[in-house]
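Enquirer: Structure provided below as structure tokens; questions to follow.
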Amino acid sequence: MIDILYIFGAMASILGAIYAWRQATNAKAYAEKAKKQFAGHLRTSELSRLKTKWDSVYEALAIFGPGAQPTALRGRNTAEAGRKVQDYLAEVRRSGLGTNVDIVTRLVGLDQLLDQFSRSRGADEMKTQGAILLNETQYLDAAVCTALSKEQEAVELS
């Protein structure tokens with residue numbers, strides 16, 4: 001009789017171990033899924049933050065853009081628009097996209113364009129420099145969106 005109890009006890013232990021192993025593998029799969037979702041959520045919120053900054057930059061630079069009338073630019077100061085561009089560039093640098101060669105190259109170029117824009121004084125010069133800066137920040141924004149989308153796709157596929 002005791003031998004039967006030992007056999008049942010051994011079988012119950014083996015079945016318990018198998019059940020625990022299955023639960024552990026399921027928990028691991030759920031943890032990986034949660035990790036991917038969290039990483040995707042972080043990148044989505046980062047893209048949203050960058051998009052908000054970009055909207056502010058576009059609004060500030062649009063008045064200096066290609067369609068601007070030089071007479072409307074007289075007396076305007078480039079400092080506020082320049083500050084918004086600078087904030088956006090700093091946010092892009094903080095985003096962790098500093099390993100993307102296209103983005104780094106554009107950031108360096110934009111630093112120089114921002115300096116030229118900030119120094120512009122005449123309405124014609126503001127219009128010219130503002131249009132160039134606006135176009136280049138649009139290219140940067142497109143590169144940032146592309147890089148973040150690729151990162152998010154890589155996280156979802158892994």
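Residues are referred to by chain and number: the chain letter is A, B, ... according to the order shown in the structure tokens, the number counts from 1 in that chain, and ligands are numbered separately from 1 in the order shown.
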From region 18-153 of chain A, collect each residue whose DSSP state is helix (DSSP H, G or I) and return the set as an mmCIF file with C-alpha atoms, in the first residue's frame.

Expert:
data_model
loop_
_atom_site.group_PDB
_atom_site.id
_atom_site.type_symbol
_atom_site.label_atom_id
_atom_site.label_comp_id
_atom_site.auth_asym_id
_atom_site.auth_seq_id
_atom_site.Cartn_x
_atom_site.Cartn_y
_atom_site.Cartn_z
ATOM 1 C CA ILE A 18 5.903 19.702 -15.882
ATOM 2 C CA TYR A 19 3.070 22.106 -15.026
ATOM 3 C CA ALA A 20 5.488 24.572 -13.385
ATOM 4 C CA TRP A 21 7.808 24.417 -16.412
ATOM 5 C CA ARG A 22 4.896 25.188 -18.759
ATOM 6 C CA GLN A 23 3.794 28.100 -16.585
ATOM 7 C CA ALA A 24 7.351 29.481 -16.593
ATOM 8 C CA THR A 25 7.585 29.346 -20.397
ATOM 9 C CA ASN A 26 4.190 31.054 -20.696
ATOM 10 C CA ALA A 27 5.282 33.747 -18.240
ATOM 11 C CA LYS A 28 8.452 34.310 -20.246
ATOM 12 C CA ALA A 29 6.433 34.732 -23.456
ATOM 13 C CA TYR A 30 4.088 37.212 -21.751
ATOM 14 C CA ALA A 31 7.057 39.148 -20.366
ATOM 15 C CA GLU A 32 8.636 39.409 -23.827
ATOM 16 C CA LYS A 33 5.347 40.594 -25.298
ATOM 17 C CA ALA A 34 4.969 43.219 -22.564
ATOM 18 C CA LYS A 35 8.551 44.367 -23.113
ATOM 19 C CA LYS A 36 7.920 44.861 -26.843
ATOM 20 C CA GLN A 37 4.689 46.719 -26.191
ATOM 21 C CA PHE A 38 6.399 48.972 -23.654
ATOM 22 C CA ALA A 39 9.260 49.752 -26.049
ATOM 23 C CA GLY A 40 6.759 50.523 -28.797
ATOM 24 C CA HIS A 41 4.795 52.755 -26.467
ATOM 25 C CA LEU A 42 7.939 54.661 -25.482
ATOM 26 C CA ARG A 43 8.854 55.298 -29.110
ATOM 27 C CA THR A 44 5.288 56.312 -29.943
ATOM 28 C CA SER A 45 5.247 58.819 -27.095
ATOM 29 C CA GLU A 46 8.647 60.091 -28.185
ATOM 30 C CA LEU A 47 7.403 60.538 -31.742
ATOM 31 C CA SER A 48 4.400 62.403 -30.373
ATOM 32 C CA ARG A 49 6.646 64.694 -28.314
ATOM 33 C CA LEU A 50 8.857 65.397 -31.326
ATOM 34 C CA LYS A 51 5.777 66.008 -33.484
ATOM 35 C CA THR A 52 4.528 68.622 -31.014
ATOM 36 C CA LYS A 53 7.912 70.353 -31.058
ATOM 37 C CA TRP A 54 7.987 70.173 -34.850
ATOM 38 C CA ASP A 55 4.531 71.780 -35.118
ATOM 39 C CA SER A 56 5.795 74.660 -32.995
ATOM 40 C CA VAL A 57 8.880 75.046 -35.208
ATOM 41 C CA TYR A 58 6.829 74.981 -38.392
ATOM 42 C CA GLU A 59 4.438 77.601 -37.078
ATOM 43 C CA ALA A 60 7.335 79.868 -36.070
ATOM 44 C CA LEU A 61 9.230 79.475 -39.366
ATOM 45 C CA ALA A 62 6.255 79.555 -41.727
ATOM 46 C CA PRO A 70 9.367 90.928 -47.424
ATOM 47 C CA THR A 71 7.201 93.853 -46.352
ATOM 48 C CA ALA A 72 5.500 91.646 -43.744
ATOM 49 C CA LEU A 73 8.889 90.692 -42.296
ATOM 50 C CA ALA A 79 15.014 85.140 -31.971
ATOM 51 C CA GLU A 80 11.731 83.412 -31.065
ATOM 52 C CA ALA A 81 11.708 81.208 -34.173
ATOM 53 C CA GLY A 82 15.396 80.453 -33.623
ATOM 54 C CA ARG A 83 14.744 79.423 -30.024
ATOM 55 C CA LYS A 84 11.981 77.044 -31.109
ATOM 56 C CA VAL A 85 14.239 75.478 -33.726
ATOM 57 C CA GLN A 86 16.993 75.143 -31.123
ATOM 58 C CA ASP A 87 14.569 73.427 -28.698
ATOM 59 C CA TYR A 88 13.501 71.017 -31.432
ATOM 60 C CA LEU A 89 17.101 70.182 -32.336
ATOM 61 C CA ALA A 90 17.898 69.550 -28.666
ATOM 62 C CA GLU A 91 14.874 67.255 -28.374
ATOM 63 C CA VAL A 92 15.985 65.290 -31.434
ATOM 64 C CA ARG A 93 19.455 64.917 -29.934
ATOM 65 C CA ARG A 94 17.957 63.641 -26.670
ATOM 66 C CA VAL A 101 24.061 59.186 -39.858
ATOM 67 C CA ASP A 102 21.443 61.081 -41.877
ATOM 68 C CA ILE A 103 20.020 62.707 -38.750
ATOM 69 C CA VAL A 104 23.436 63.608 -37.309
ATOM 70 C CA THR A 105 24.481 65.169 -40.622
ATOM 71 C CA ARG A 106 21.273 67.185 -40.782
ATOM 72 C CA LEU A 107 21.672 68.338 -37.177
ATOM 73 C CA VAL A 108 25.160 69.674 -37.873
ATOM 74 C CA GLY A 109 23.953 71.466 -40.989
ATOM 75 C CA LEU A 110 20.965 72.901 -39.148
ATOM 76 C CA ASP A 111 23.199 74.305 -36.416
ATOM 77 C CA GLN A 112 25.006 76.336 -39.067
ATOM 78 C CA LEU A 113 21.764 77.385 -40.794
ATOM 79 C CA LEU A 114 20.264 78.419 -37.478
ATOM 80 C CA ASP A 115 23.279 80.625 -36.814
ATOM 81 C CA GLN A 116 22.895 82.266 -40.230
ATOM 82 C CA PHE A 117 19.152 82.722 -39.707
ATOM 83 C CA SER A 118 19.695 84.311 -36.295
ATOM 84 C CA ARG A 119 22.133 86.810 -37.796
ATOM 85 C CA ALA A 123 13.568 91.303 -44.648
ATOM 86 C CA ASP A 124 14.972 89.725 -47.818
ATOM 87 C CA GLU A 125 17.720 87.991 -45.878
ATOM 88 C CA MET A 126 15.225 86.757 -43.239
ATOM 89 C CA LYS A 127 13.012 85.365 -45.988
ATOM 90 C CA THR A 128 15.907 83.591 -47.713
ATOM 91 C CA GLN A 129 17.430 82.154 -44.538
ATOM 92 C CA GLY A 130 14.000 81.322 -43.087
ATOM 93 C CA ALA A 131 12.969 79.403 -46.199
ATOM 94 C CA ILE A 132 16.218 77.421 -46.189
ATOM 95 C CA LEU A 133 15.889 76.669 -42.462
ATOM 96 C CA LEU A 134 12.247 75.668 -42.864
ATOM 97 C CA ASN A 135 13.054 73.255 -45.704
ATOM 98 C CA GLU A 136 15.964 71.690 -43.848
ATOM 99 C CA THR A 137 13.951 71.222 -40.655
ATOM 100 C CA GLN A 138 11.247 69.537 -42.743
ATOM 101 C CA TYR A 139 13.859 67.116 -44.090
ATOM 102 C CA LEU A 140 15.073 66.472 -40.539
ATOM 103 C CA ASP A 141 11.531 65.832 -39.344
ATOM 104 C CA ALA A 142 10.984 63.335 -42.165
ATOM 105 C CA ALA A 143 14.254 61.558 -41.297
ATOM 106 C CA VAL A 144 13.289 61.429 -37.609
ATOM 107 C CA CYS A 145 9.848 59.987 -38.376
ATOM 108 C CA THR A 146 11.367 57.398 -40.707
ATOM 109 C CA ALA A 147 14.011 56.367 -38.154
ATOM 110 C CA LEU A 148 11.473 56.049 -35.342
ATOM 111 C CA SER A 149 9.115 54.041 -37.553
ATOM 112 C CA LYS A 150 11.924 51.661 -38.492
ATOM 113 C CA GLU A 151 12.865 51.225 -34.838
ATOM 114 C CA GLN A 152 9.270 50.518 -33.913
ATOM 115 C CA GLU A 153 8.930 47.961 -36.725
#

Enquirer: What's the separation between CA of Ile63 (chain A) and CA of Ser95 (chain A), in Å to one decimal place?

Expert: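 Distance reported for this atom pair: 27.5 Å.
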